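Enquirer: Provided herewith: query21.pdb, PDB, C-alpha atoms.
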ATOM      1  CA  MET A  19       0.000   0.000   0.000
ATOM      2  CA  ASN A  20       1.464   3.319  -1.028
ATOM      3  CA  ARG A  21       1.489   6.231   1.322
ATOM      4  CA  ASN A  22      -1.152   8.785   0.375
ATOM      5  CA  PRO A  23       0.294  12.302   0.843
ATOM      6  CA  SER A  24      -3.172  13.842   0.683
ATOM      7  CA  ALA A  25      -4.601  11.789   3.569
ATOM      8  CA  PRO A  26      -5.524  13.965   6.573
ATOM      9  CA  ARG A  27      -2.908  13.727   9.341
ATOM     10  CA  GLN A  28      -3.825  13.306  12.989
ATOM     11  CA  ALA A  29      -1.755  12.909  16.129
ATOM     12  CA  THR A  30      -2.347  10.186  18.720
ATOM     13  CA  ASP A  31      -2.606  11.504  22.289
ATOM     14  CA  LEU A  32      -2.390   8.153  24.079
ATOM     15  CA  ILE A  33      -1.666   4.604  23.015
ATOM     16  CA  GLY A  34      -2.133   1.415  25.005
ATOM     17  CA  GLY A  35       0.842  -0.801  25.726
ATOM     18  CA  MET A  36      -0.444  -3.667  23.582
ATOM     19  CA  ALA A  37      -1.351  -1.349  20.701
ATOM     20  CA  ARG A  38       2.175   0.096  20.785
ATOM     21  CA  ARG A  39       3.693  -3.393  20.497
ATOM     22  CA  VAL A  40       1.355  -4.546  17.713
ATOM     23  CA  LEU A  41       1.665  -1.369  15.622
ATOM     24  CA  CYS A  42       5.364  -1.797  15.001
ATOM     25  CA  PRO A  43       7.053  -0.514  11.823
ATOM     26  CA  GLY A  44       5.984  -2.503   8.778
ATOM     27  CA  SER A  45       2.979  -4.120  10.456
ATOM     28  CA  THR A  46      -0.267  -4.434   8.514
ATOM     29  CA  GLY A  47      -3.828  -5.507   9.079
ATOM     30  CA  THR A  48      -7.482  -5.045   8.240
ATOM     31  CA  ILE A  49     -10.074  -2.446   9.237
ATOM     32  CA  LEU A  50     -12.880  -4.448  10.835
ATOM     33  CA  ALA A  51     -15.508  -1.776  11.447
ATOM     34  CA  GLY A  52     -15.929   1.880  12.283
ATOM     35  CA  HIS A  53     -18.378   4.424  13.626
ATOM     36  CA  SER A  54     -18.253   7.942  15.007
ATOM     37  CA  ARG A  55     -16.594   6.889  18.281
ATOM     38  CA  ALA A  56     -14.181   4.122  17.266
ATOM     39  CA  ILE A  57     -12.429   2.371  14.392
ATOM     40  CA  TYR A  58     -11.641  -1.304  14.960
ATOM     41  CA  LEU A  59      -8.561  -2.919  13.465
ATOM     42  CA  CYS A  60      -7.299  -6.497  13.232
ATOM     43  CA  SER A  61      -3.597  -7.153  12.810
ATOM     44  CA  GLU A  62      -2.277  -9.766  10.411
ATOM     45  CA  VAL A  63      -1.895 -12.186  13.339
ATOM     46  CA  GLY A  64      -5.401 -11.573  14.691
ATOM     47  CA  ASP A  65      -4.861  -8.929  17.408
ATOM     48  CA  VAL A  66      -7.846  -6.584  17.756
ATOM     49  CA  LEU A  67      -7.094  -2.879  18.279
ATOM     50  CA  TRP A  68      -9.103   0.316  18.074
ATOM     51  CA  LEU A  69      -8.735   4.018  17.470
ATOM     52  CA  ALA A  70     -11.062   6.188  19.579
ATOM     53  CA  SER A  71     -11.752   9.886  19.798
ATOM     54  CA  GLY A  72     -12.350  12.415  22.535
ATOM     55  CA  ASP A  73     -12.309  11.259  26.142
ATOM     56  CA  ALA A  74     -12.951   7.561  25.459
ATOM     57  CA  PRO A  75     -11.581   5.394  28.280
ATOM     58  CA  MET A  76      -8.143   4.018  27.502
ATOM     59  CA  HIS A  77      -7.366   0.328  27.121
ATOM     60  CA  ARG A  78      -4.224  -1.612  26.365
ATOM     61  CA  ARG A  79      -5.618  -2.209  22.839
ATOM     62  CA  GLY A  80      -6.581   1.410  22.240
ATOM     63  CA  LEU A  81      -5.272   4.566  20.598
ATOM     64  CA  ARG A  82      -6.872   7.940  21.281
ATOM     65  CA  VAL A  83      -6.988  11.101  19.185
ATOM     66  CA  SER A  84      -8.565  14.443  20.069
ATOM     67  CA  VAL A  85     -10.137  15.145  16.672
ATOM     68  CA  PRO A  86     -13.124  13.498  14.928
ATOM     69  CA  LEU A  87     -12.363  10.110  13.450
ATOM     70  CA  PRO A  88     -12.127   9.450   9.713
ATOM     71  CA  ARG A  89     -14.389   6.907   8.054
ATOM     72  CA  PRO A  90     -12.162   4.270   6.450
ATOM     73  CA  GLN A  91     -13.781   1.527   4.412
ATOM     74  CA  PRO A  92     -14.362  -1.709   6.392
ATOM     75  CA  GLY A  93     -12.337  -4.505   4.879
ATOM     76  CA  SER A  94      -9.619  -2.155   3.641
ATOM     77  CA  THR A  95      -6.068  -2.473   4.925
ATOM     78  CA  TYR A  96      -3.910  -0.428   7.261
ATOM     79  CA  ARG A  97      -0.143  -0.215   7.454
ATOM     80  CA  VAL A  98       2.436   1.320   9.772
ATOM     81  CA  GLU A  99       5.378   3.074   8.156
ATOM     82  CA  HIS A 100       7.579   6.052   9.033
ATOM     83  CA  GLY A 101       5.875   6.305  12.435
ATOM     84  CA  MET A 102       2.433   6.717  10.841
ATOM     85  CA  LEU A 103      -0.643   4.505  10.995
ATOM     86  CA  LEU A 104      -2.033   4.698   7.455
ATOM     87  CA  LEU A 105      -5.758   3.955   7.290
ATOM     88  CA  GLY A 106      -6.025   3.483   3.539
ATOM     89  CA  SER A 107      -6.646   6.864   1.959
ATOM     90  CA  ALA A 108      -8.806   8.039   4.875
ATOM     91  CA  ALA A 109      -6.154   9.287   7.307
ATOM     92  CA  ALA A 110      -2.567   9.108   8.498
ATOM     93  CA  VAL A 111      -2.221   8.897  12.277
ATOM     94  CA  ASP A 112       1.072  10.005  13.830
ATOM     95  CA  LEU A 113       2.114   7.439  16.455
ATOM     96  CA  GLY A 114       5.402   9.043  17.429
ATOM     97  CA  ARG A 115       4.106  11.644  19.891
ATOM     98  CA  ALA A 116       1.770   9.415  21.863
ATOM     99  CA  TRP A 117       2.191   8.737  25.569
ATOM    100  CA  VAL A 118       1.972   5.033  26.380
ATOM    101  CA  TRP A 119      -0.947   4.355  28.716
ATOM    102  CA  GLU A 120      -0.762   1.698  31.421
ATOM    103  CA  PRO A 121      -3.634   0.947  33.846
ATOM    104  CA  PRO A 122      -3.516   1.528  37.601
ATOM    105  CA  ARG A 123      -2.454  -1.737  39.233
ATOM    106  CA  LEU A 124      -3.062  -3.167  42.669
ATOM    107  CA  ALA A 125       0.618  -3.483  43.518
ATOM    108  CA  SER A 126       3.040  -2.601  46.345
ATOM    109  CA  TRP A 127       0.863  -4.062  49.084
ATOM    110  CA  SER A 128       2.199  -4.039  52.632
ATOM    111  CA  ASP A 129       1.972  -6.841  55.191
ATOM    112  CA  HIS A 130      -0.796  -5.060  57.071
ATOM    113  CA  VAL A 131      -4.323  -6.361  56.815
ATOM    114  CA  GLY A 132      -7.546  -4.487  57.196
ATOM    115  CA  PRO A 133     -11.271  -5.189  57.386
ATOM    116  CA  ARG A 134     -13.096  -6.122  54.237
ATOM    117  CA  VAL A 135     -14.758  -3.095  52.675
ATOM    118  CA  ARG A 136     -17.849  -3.353  50.523
ATOM    119  CA  PRO A 137     -18.797   0.153  49.322
ATOM    120  CA  SER A 138     -22.194  -1.068  48.103
ATOM    121  CA  ASP A 139     -23.963   1.959  49.539
ATOM    122  CA  GLN A 140     -22.316   4.059  46.834
ATOM    123  CA  LEU A 141     -23.937   1.894  44.151
ATOM    124  CA  ARG A 142     -27.394   2.683  45.523
ATOM    125  CA  LEU A 143     -26.729   6.381  44.889
ATOM    126  CA  LEU A 144     -26.035   5.939  41.179
ATOM    127  CA  PRO A 145     -28.547   6.998  38.504
ATOM    128  CA  THR A 146     -31.157   4.565  37.206
ATOM    129  CA  PRO A 147     -29.221   1.519  36.015
ATOM    130  CA  LYS A 148     -29.182   0.190  32.457
ATOM    131  CA  GLY A 149     -28.610  -3.283  31.089
ATOM    132  CA  PHE A 150     -27.585  -5.843  33.665
ATOM    133  CA  GLY A 151     -27.242  -3.025  36.175
ATOM    134  CA  ALA A 152     -30.988  -3.466  36.697
ATOM    135  CA  LEU A 153     -30.113  -6.733  38.473
ATOM    136  CA  LEU A 154     -27.950  -5.025  41.093
ATOM    137  CA  PRO A 155     -30.800  -4.768  43.680
ATOM    138  CA  PRO A 156     -31.332  -8.552  43.961
ATOM    139  CA  LEU A 157     -27.555  -9.071  43.898
ATOM    140  CA  LEU A 158     -27.085  -6.550  46.698
ATOM    141  CA  GLY A 159     -29.860  -8.277  48.631
ATOM    142  CA  TYR A 160     -28.231 -11.675  48.117
ATOM    143  CA  ALA A 161     -24.929 -10.327  49.429
ATOM    144  CA  ALA A 162     -26.795  -9.161  52.527
ATOM    145  CA  GLY A 163     -28.331 -12.607  53.084
ATOM    146  CA  THR A 164     -31.663 -12.251  51.271
ATOM    147  CA  PRO A 165     -32.520 -15.113  48.869
ATOM    148  CA  PHE A 166     -32.879 -14.279  45.205
ATOM    149  CA  PRO A 167     -36.494 -13.578  44.168
ATOM    150  CA  ALA A 168     -37.973 -16.335  42.030
ATOM    151  CA  ARG A 169     -38.684 -13.765  39.322
ATOM    152  CA  ILE A 170     -37.715 -10.201  38.531
ATOM    153  CA  PRO A 171     -40.180  -7.448  37.594
ATOM    154  CA  GLU A 172     -38.181  -6.533  34.476
ATOM    155  CA  ARG A 173     -39.938  -7.048  31.140
ATOM    156  CA  ASP A 174     -36.715  -6.897  29.138
ATOM    157  CA  ARG A 175     -36.288 -10.222  27.324
ATOM    158  CA  VAL A 176     -32.508 -10.294  27.693
ATOM    159  CA  LEU A 177     -32.666  -9.604  31.430
ATOM    160  CA  THR A 178     -35.330 -12.198  32.134
ATOM    161  CA  SER A 179     -33.384 -14.741  30.072
ATOM    162  CA  ALA A 180     -30.116 -13.916  31.848
ATOM    163  CA  TYR A 181     -31.481 -13.772  35.392
ATOM    164  CA  PRO A 182     -31.247 -17.516  36.281
ATOM    165  CA  SER A 183     -27.672 -17.686  34.972
ATOM    166  CA  ILE A 184     -26.660 -14.543  36.855
ATOM    167  CA  CYS A 185     -28.085 -16.020  40.050
ATOM    168  CA  GLY A 186     -26.045 -19.145  39.327
ATOM    169  CA  VAL A 187     -22.851 -17.145  38.762
ATOM    170  CA  ALA A 188     -23.398 -15.224  42.006
ATOM    171  CA  ARG A 189     -23.938 -18.421  44.018
ATOM    172  CA  ALA A 190     -20.864 -20.001  42.412
ATOM    173  CA  CYS A 191     -18.743 -17.001  43.427
ATOM    174  CA  GLN A 192     -19.921 -17.329  47.016
ATOM    175  CA  GLN A 193     -19.375 -21.097  46.979
ATOM    176  CA  GLU A 194     -15.954 -20.839  45.272
ATOM    177  CA  ASP A 195     -17.063 -23.201  42.526
ATOM    178  CA  LEU A 196     -15.396 -22.384  39.196
ATOM    179  CA  GLY A 197     -17.061 -25.252  37.338
ATOM    180  CA  SER A 198     -20.534 -24.002  38.254
ATOM    181  CA  LEU A 199     -19.553 -20.395  37.539
ATOM    182  CA  LEU A 200     -18.353 -21.221  34.016
ATOM    183  CA  HIS A 201     -21.358 -23.488  33.387
ATOM    184  CA  HIS A 202     -23.747 -20.591  34.027
ATOM    185  CA  ALA A 203     -21.443 -18.108  32.312
ATOM    186  CA  ALA A 204     -21.572 -20.141  29.085
ATOM    187  CA  ASP A 205     -25.306 -19.392  28.820
ATOM    188  CA  LEU A 206     -24.566 -15.642  28.911
ATOM    189  CA  VAL A 207     -21.857 -15.461  26.244
ATOM    190  CA  GLY A 208     -23.242 -13.748  23.143
ATOM    191  CA  LEU A 209     -26.494 -12.793  24.897
ATOM    192  CA  GLY A 210     -27.763  -9.349  23.940
ATOM    193  CA  GLY A 211     -27.197  -6.975  21.061
ATOM    194  CA  GLY A 212     -24.482  -4.497  20.234
ATOM    195  CA  LEU A 213     -20.787  -4.710  19.524
ATOM    196  CA  THR A 214     -20.160  -6.245  22.937
ATOM    197  CA  PRO A 215     -23.265  -8.171  24.081
ATOM    198  CA  SER A 216     -24.408  -7.533  27.635
ATOM    199  CA  GLY A 217     -23.797 -11.153  28.587
ATOM    200  CA  ASP A 218     -20.175 -10.884  27.464
ATOM    201  CA  ASP A 219     -19.680  -7.639  29.373
ATOM    202  CA  TYR A 220     -21.187  -9.056  32.568
ATOM    203  CA  ILE A 221     -19.091 -12.241  32.437
ATOM    204  CA  GLY A 222     -16.053 -10.166  31.485
ATOM    205  CA  GLY A 223     -16.650  -8.080  34.599
ATOM    206  CA  VAL A 224     -16.877 -11.213  36.764
ATOM    207  CA  LEU A 225     -13.640 -12.646  35.371
ATOM    208  CA  PHE A 226     -11.902  -9.294  35.726
ATOM    209  CA  GLY A 227     -13.073  -9.082  39.346
ATOM    210  CA  LEU A 228     -11.542 -12.502  40.037
ATOM    211  CA  ALA A 229      -8.281 -11.390  38.412
ATOM    212  CA  MET A 230      -8.194  -8.231  40.520
ATOM    213  CA  LEU A 231      -8.808 -10.173  43.729
ATOM    214  CA  GLN A 232      -5.783 -12.313  42.897
ATOM    215  CA  GLU A 233      -3.730  -9.235  42.080
ATOM    216  CA  ALA A 234      -4.752  -7.840  45.465
ATOM    217  CA  GLY A 235      -3.288 -10.874  47.168
ATOM    218  CA  VAL A 236      -6.368 -13.074  47.634
ATOM    219  CA  LEU A 237      -5.512 -16.744  47.104
ATOM    220  CA  LEU A 238      -8.142 -18.212  44.761
ATOM    221  CA  SER A 239      -6.845 -21.762  44.475
ATOM    222  CA  TRP A 240     -10.194 -22.839  43.028
ATOM    223  CA  CYS A 241      -9.714 -20.611  39.951
ATOM    224  CA  SER A 242      -7.899 -22.947  37.589
ATOM    225  CA  PRO A 243      -6.078 -21.010  34.828
ATOM    226  CA  GLU A 244      -6.506 -24.009  32.528
ATOM    227  CA  GLU A 245     -10.295 -24.078  33.000
ATOM    228  CA  LEU A 246     -10.517 -20.335  32.422
ATOM    229  CA  ALA A 247      -8.391 -20.576  29.279
ATOM    230  CA  SER A 248     -10.596 -23.387  27.955
ATOM    231  CA  PHE A 249     -13.731 -21.317  28.634
ATOM    232  CA  ILE A 250     -12.302 -18.319  26.766
ATOM    233  CA  GLN A 251     -11.321 -20.517  23.809
ATOM    234  CA  VAL A 252     -14.770 -22.127  23.537
ATOM    235  CA  SER A 253     -16.488 -18.735  23.921
ATOM    236  CA  LYS A 254     -14.888 -17.440  20.729
ATOM    237  CA  ALA A 255     -17.385 -19.433  18.684
ATOM    238  CA  ARG A 256     -20.358 -17.902  20.533
ATOM    239  CA  THR A 257     -19.654 -14.199  20.127
ATOM    240  CA  ASN A 258     -17.998 -11.759  17.752
ATOM    241  CA  GLN A 259     -14.247 -11.254  17.293
ATOM    242  CA  ILE A 260     -14.038  -7.940  19.147
ATOM    243  CA  SER A 261     -16.058  -9.081  22.148
ATOM    244  CA  ALA A 262     -14.129 -12.360  22.334
ATOM    245  CA  ALA A 263     -10.839 -10.445  22.504
ATOM    246  CA  LEU A 264     -12.170  -8.308  25.363
ATOM    247  CA  LEU A 265     -13.469 -11.355  27.237
ATOM    248  CA  GLY A 266      -9.992 -12.854  27.140
ATOM    249  CA  ASP A 267      -8.483  -9.577  28.303
ATOM    250  CA  HIS A 268     -10.852  -9.349  31.254
ATOM    251  CA  ALA A 269      -9.972 -12.861  32.376
ATOM    252  CA  ALA A 270      -6.294 -11.871  32.253
ATOM    253  CA  GLY A 271      -6.850  -8.697  34.305
ATOM    254  CA  HIS A 272      -6.859  -6.167  31.448
ATOM    255  CA  ALA A 273      -9.769  -3.765  31.029
ATOM    256  CA  ALA A 274     -10.767  -0.221  30.221
ATOM    257  CA  GLU A 275      -9.337   2.484  32.453
ATOM    258  CA  THR A 276     -12.712   3.123  34.122
ATOM    259  CA  LEU A 277     -13.118  -0.516  35.174
ATOM    260  CA  HIS A 278      -9.582  -0.573  36.596
ATOM    261  CA  ARG A 279     -10.385   2.541  38.621
ATOM    262  CA  PHE A 280     -13.597   1.034  39.957
ATOM    263  CA  ALA A 281     -11.732  -2.106  41.055
ATOM    264  CA  VAL A 282      -9.059  -0.034  42.792
ATOM    265  CA  ALA A 283     -11.709   2.056  44.570
ATOM    266  CA  PHE A 284     -13.614  -1.045  45.666
ATOM    267  CA  LEU A 285     -10.711  -3.189  46.820
ATOM    268  CA  MET A 286      -8.845  -0.369  48.539
ATOM    269  CA  GLY A 287     -11.983   0.890  50.256
ATOM    270  CA  LEU A 288     -11.416   4.448  49.071
ATOM    271  CA  PRO A 289     -13.547   7.235  50.588
ATOM    272  CA  GLY A 290     -17.172   7.452  49.497
ATOM    273  CA  GLN A 291     -16.746  10.308  47.035
ATOM    274  CA  ALA A 292     -13.873   8.592  45.217
ATOM    275  CA  ALA A 293     -15.744   5.265  45.114
ATOM    276  CA  TYR A 294     -18.888   6.944  43.792
ATOM    277  CA  ARG A 295     -16.979   8.874  41.133
ATOM    278  CA  ALA A 296     -15.214   5.718  39.930
ATOM    279  CA  ALA A 297     -18.514   3.833  39.697
ATOM    280  CA  ASP A 298     -20.318   6.726  38.007
ATOM    281  CA  ASP A 299     -17.548   7.136  35.416
ATOM    282  CA  LEU A 300     -17.743   3.426  34.626
ATOM    283  CA  THR A 301     -21.502   3.542  34.037
ATOM    284  CA  GLN A 302     -20.986   6.145  31.283
ATOM    285  CA  MET A 303     -19.349   3.570  28.983
ATOM    286  CA  GLY A 304     -21.483   2.717  25.962
ATOM    287  CA  GLN A 305     -25.213   2.187  25.993
ATOM    288  CA  SER A 306     -25.099  -0.246  28.919
ATOM    289  CA  THR A 307     -21.566  -1.672  28.730
ATOM    290  CA  GLY A 308     -20.362   0.183  31.829
ATOM    291  CA  TRP A 309     -23.316  -1.005  33.899
ATOM    292  CA  ASP A 310     -22.843  -4.587  32.697
ATOM    293  CA  LEU A 311     -19.123  -4.531  33.554
ATOM    294  CA  LEU A 312     -19.723  -2.919  36.939
ATOM    295  CA  THR A 313     -22.381  -5.471  37.880
ATOM    296  CA  GLY A 314     -20.119  -8.351  36.899
ATOM    297  CA  ALA A 315     -17.020  -7.025  38.654
ATOM    298  CA  TRP A 316     -19.060  -6.272  41.786
ATOM    299  CA  THR A 317     -20.473  -9.822  41.751
ATOM    300  CA  ALA A 318     -16.989 -11.300  42.019
ATOM    301  CA  MET A 319     -15.351  -8.739  44.303
ATOM    302  CA  ALA A 320     -18.268  -8.641  46.767
ATOM    303  CA  LEU A 321     -19.335 -12.284  46.862
ATOM    304  CA  VAL A 322     -16.096 -14.305  46.712
ATOM    305  CA  PRO A 323     -15.225 -15.147  50.341
ATOM    306  CA  TYR A 324     -12.071 -13.713  51.841
ATOM    307  CA  ASP A 325     -11.313 -12.419  55.314
ATOM    308  CA  ALA A 326      -9.061  -9.458  54.658
ATOM    309  CA  LEU A 327      -7.031  -7.758  51.977
ATOM    310  CA  PRO A 328      -3.537  -6.426  52.243
ATOM    311  CA  ILE A 329      -3.721  -2.646  52.524
ATOM    312  CA  ARG A 330      -1.419  -0.409  50.508
ATOM    313  CA  ARG A 331       1.042   1.789  52.263
ATOM    314  CA  ARG A 332      -0.615   5.109  52.995
ATOM    315  CA  ALA A 333       1.558   6.974  50.516
ATOM    316  CA  ASP A 334       0.655   4.524  47.744
ATOM    317  CA  ALA A 335      -3.023   4.734  48.636
ATOM    318  CA  LEU A 336      -3.096   8.513  48.572
ATOM    319  CA  ALA A 337      -1.213   8.635  45.281
ATOM    320  CA  THR A 338      -3.661   6.216  43.632
ATOM    321  CA  ALA A 339      -6.717   7.946  45.098
ATOM    322  CA  ALA A 340      -5.546  11.254  43.669
ATOM    323  CA  THR A 341      -5.697   9.821  40.136
ATOM    324  CA  ILE A 342      -9.266   8.533  40.426
TER     325      ILE A 342
END
Take the structure in this file and express it as structure tokens.

Expert:
Amino acid sequence: MNRNPSAPRQATDLIGGMARRVLCPGSTGTILAGHSRAIYLCSEVGDVLWLASGDAPMHRRGLRVSVPLPRPQPGSTYRVEHGMLLLGSAAAVDLGRAWVWEPPRLASWSDHVGPRVRPSDQLRLLPTPKGFGALLPPLLGYAAGTPFPARIPERDRVLTSAYPSICGVARACQQEDLGSLLHHAADLVGLGGGLTPSGDDYIGGVLFGLAMLQEAGVLLSWCSPEELASFIQVSKARTNQISAALLGDHAAGHAAETLHRFAVAFLMGLPGQAAYRAADDLTQMGQSTGWDLLTGAWTAMALVPYDALPIRRRADALATAATI
């Protein structure tokens, strides 16, 4: 593909660590899809990436520009040369000036332990939930010891279809039963419309929550990496390429910036205002994606049994809280 000197040039503000590695000089791939908020790419070896505009949450697969996105033709090719991401004749994106984004991590824990913190009260203050967020009330009740209602008042077909499986996932988290969790999760993969179905986002949130608990120092010996890897592999046939890539990322502890911030706020027991802001920011993602992810991550982080978490050194805690 020849470089088009007339293609509009744009500069990338931020680039995720994975996107930086994949978009190396000479690399090529295909443009999968595009809309006003994102352009999705697939490298020649099958890595999914995307270019987003404005204040879209960062991700290890993402690149962000501050100007409106071009509209390249789906199915056309991209190429990286001379530090530029060439999207056919639609645009040339300068990669050289971008800051590499890395997510906040739950690292540098001290030997001190503290009481378990469940900032669920902050979730009750959020605006009217969307998607699977509508199932937070019975989940919150279950965490408090109230049995799940036999039925939910929701008339949404996807929610009523998902409800038994979500109850099963929640019980499996509390019972530390990965086999049961993945059995119920399989019924949710691909459920719902959109680029990332609600079922995928919810299960992705659950798997991400498990990964964050382990990063925080909780020993989850019942979470077999081999079983999780098998589940992710089988799930690829039940959903689309982009959503499958994200599901695998979530299981490995990689997510959008807003979900990382919510996990940090939850597991560190940050003050109410910081916890609320992290949750509220997450719910702004997509039509219902943020709510679906939040509900899934909360399911794992609130219901998996553990007595205490290591607590960060005060200096680390304050530094992380200041970025949320």

Enquirer: Quick one: distance from CA of Gly72 (chain A) to CA of Pro121 (chain A) in Å, one decimal?

Expert: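 Here the two named atoms are 18.3 Å from each other.
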
Enquirer: May I ask for the distance between CA of Ala270 (chain A) and CA of Leu59 (chain A), given in Å to one decimal place?

Expert: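 CA of Leu59 (chain A) lies at a distance of 20.9 Å from CA of Ala270 (chain A).
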
Enquirer: Counting only C-alpha atoms, which residues in region 218-267 of chain A sit no more than 12 Å from region 174-184 of chain A? For each one, give the nearest pair of atoms and the distance in Å, sorted by chain then residue number, as JSON lines.

Expert:
{"residue": "A:Asp218", "atom": "CA", "partner": "A:Ala180", "partner_atom": "CA", "distance": 11.3}
{"residue": "A:Tyr220", "atom": "CA", "partner": "A:Ile184", "partner_atom": "CA", "distance": 8.9}
{"residue": "A:Ile221", "atom": "CA", "partner": "A:Ile184", "partner_atom": "CA", "distance": 9.1}
{"residue": "A:Val224", "atom": "CA", "partner": "A:Ile184", "partner_atom": "CA", "distance": 10.3}

Enquirer: Taking only C-alpha atoms into account, which of A:Pro243, A:Gly34, A:Pro92, A:Gly44 comes nearest Cys60 (chain A)?

Expert: A:Pro92

Enquirer: Restricting the calculation to all atoms listed in the file: of A:Gln232, A:Ser239, A:Ser61, A:Ser306, which residue gets closest to Ala152 (chain A)?

Expert: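 Closest to Ala152 (chain A) of all the choices is A:Ser306.
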
Enquirer: Please indicate the distance in Å from CA of Arg123 (chain A) to CA of Gly223 (chain A), rounded to one decimal place.

Expert: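 Separation between CA of Arg123 (chain A) and CA of Gly223 (chain A): 16.2 Å.
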
Enquirer: Expand the PyMOL selection byres ((chain A and resi 158-161) around 12) into the individual residues it matches in the shown file, reporting them as a ChimeraX atom specification.

Expert: /A:136-142,151-157,162-167,184-186,188-189,191-192,313,316-323

Enquirer: Determine the residue membership of the PyMOL selection byres ((chain A and resi 49) around 7) for the file above and supply it as a CSV table (one decimal) with C-alpha atoms, keeping the file's coordinate frame.

Expert:
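Now in result_34.csv:
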chain,number,residue,atom,x,y,z
A,47,GLY,CA,-3.8,-5.5,9.1
A,48,THR,CA,-7.5,-5.0,8.2
A,50,LEU,CA,-12.9,-4.4,10.8
A,51,ALA,CA,-15.5,-1.8,11.4
A,58,TYR,CA,-11.6,-1.3,15.0
A,59,LEU,CA,-8.6,-2.9,13.5
A,60,CYS,CA,-7.3,-6.5,13.2
A,92,PRO,CA,-14.4,-1.7,6.4
A,93,GLY,CA,-12.3,-4.5,4.9
A,94,SER,CA,-9.6,-2.2,3.6
A,95,THR,CA,-6.1,-2.5,4.9
A,96,TYR,CA,-3.9,-0.4,7.3

Enquirer: Could you check which of A:Ala273, A:Leu265, A:Ala293, A:Ala29 is closest to Leu104 (chain A), using all atoms listed in the file?

Expert: A:Ala29

Enquirer: Would you list the residues near (-6.9, 1.6, 25.3), meaning any protein, DNA or RNA residue with an atom at most 8 Å from that point in file coordinates, counting all atoms listed in the file, as an mmCIF file with C-alpha atoms, in the coordinates of the input?

Expert:
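File produced: out22.cif:
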data_model
loop_
_atom_site.group_PDB
_atom_site.id
_atom_site.type_symbol
_atom_site.label_atom_id
_atom_site.label_comp_id
_atom_site.auth_asym_id
_atom_site.auth_seq_id
_atom_site.Cartn_x
_atom_site.Cartn_y
_atom_site.Cartn_z
ATOM 1 C CA ILE A 33 -1.666 4.604 23.015
ATOM 2 C CA GLY A 34 -2.133 1.415 25.005
ATOM 3 C CA ALA A 37 -1.351 -1.349 20.701
ATOM 4 C CA TRP A 68 -9.103 0.316 18.074
ATOM 5 C CA PRO A 75 -11.581 5.394 28.280
ATOM 6 C CA MET A 76 -8.143 4.018 27.502
ATOM 7 C CA HIS A 77 -7.366 0.328 27.121
ATOM 8 C CA ARG A 78 -4.224 -1.612 26.365
ATOM 9 C CA ARG A 79 -5.618 -2.209 22.839
ATOM 10 C CA GLY A 80 -6.581 1.410 22.240
ATOM 11 C CA LEU A 81 -5.272 4.566 20.598
ATOM 12 C CA ARG A 82 -6.872 7.940 21.281
ATOM 13 C CA TRP A 119 -0.947 4.355 28.716
ATOM 14 C CA ALA A 274 -10.767 -0.221 30.221
ATOM 15 C CA GLU A 275 -9.337 2.484 32.453
#

Enquirer: If the PyMOL selection byres ((chain A and resi 204-209) around 8) were run on this exact file, what residues would it hold? Put them as a list in words.

Expert: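 That selection, the PyMOL selection byres ((chain A and resi 204-209) around 8), comes back as Val176, Ala180, Ser183, Leu200, His201, His202, Ala203, Gly210, Gly211, Pro215, Ser216, Gly217, Asp218, Ile221, Phe249, Ser253, Arg256, Thr257 and Asn258 of chain A.
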
Enquirer: List as a ChimeraX atom specification the protein and nucleic acid residues near Gln259 (chain A), meaning an atom at most 10 Å away when only C-alpha atoms are counted, but skip any in the same chain fewer than 4 places from it.

Expert: /A:50,60,64-66,213-214,254-255,263-265
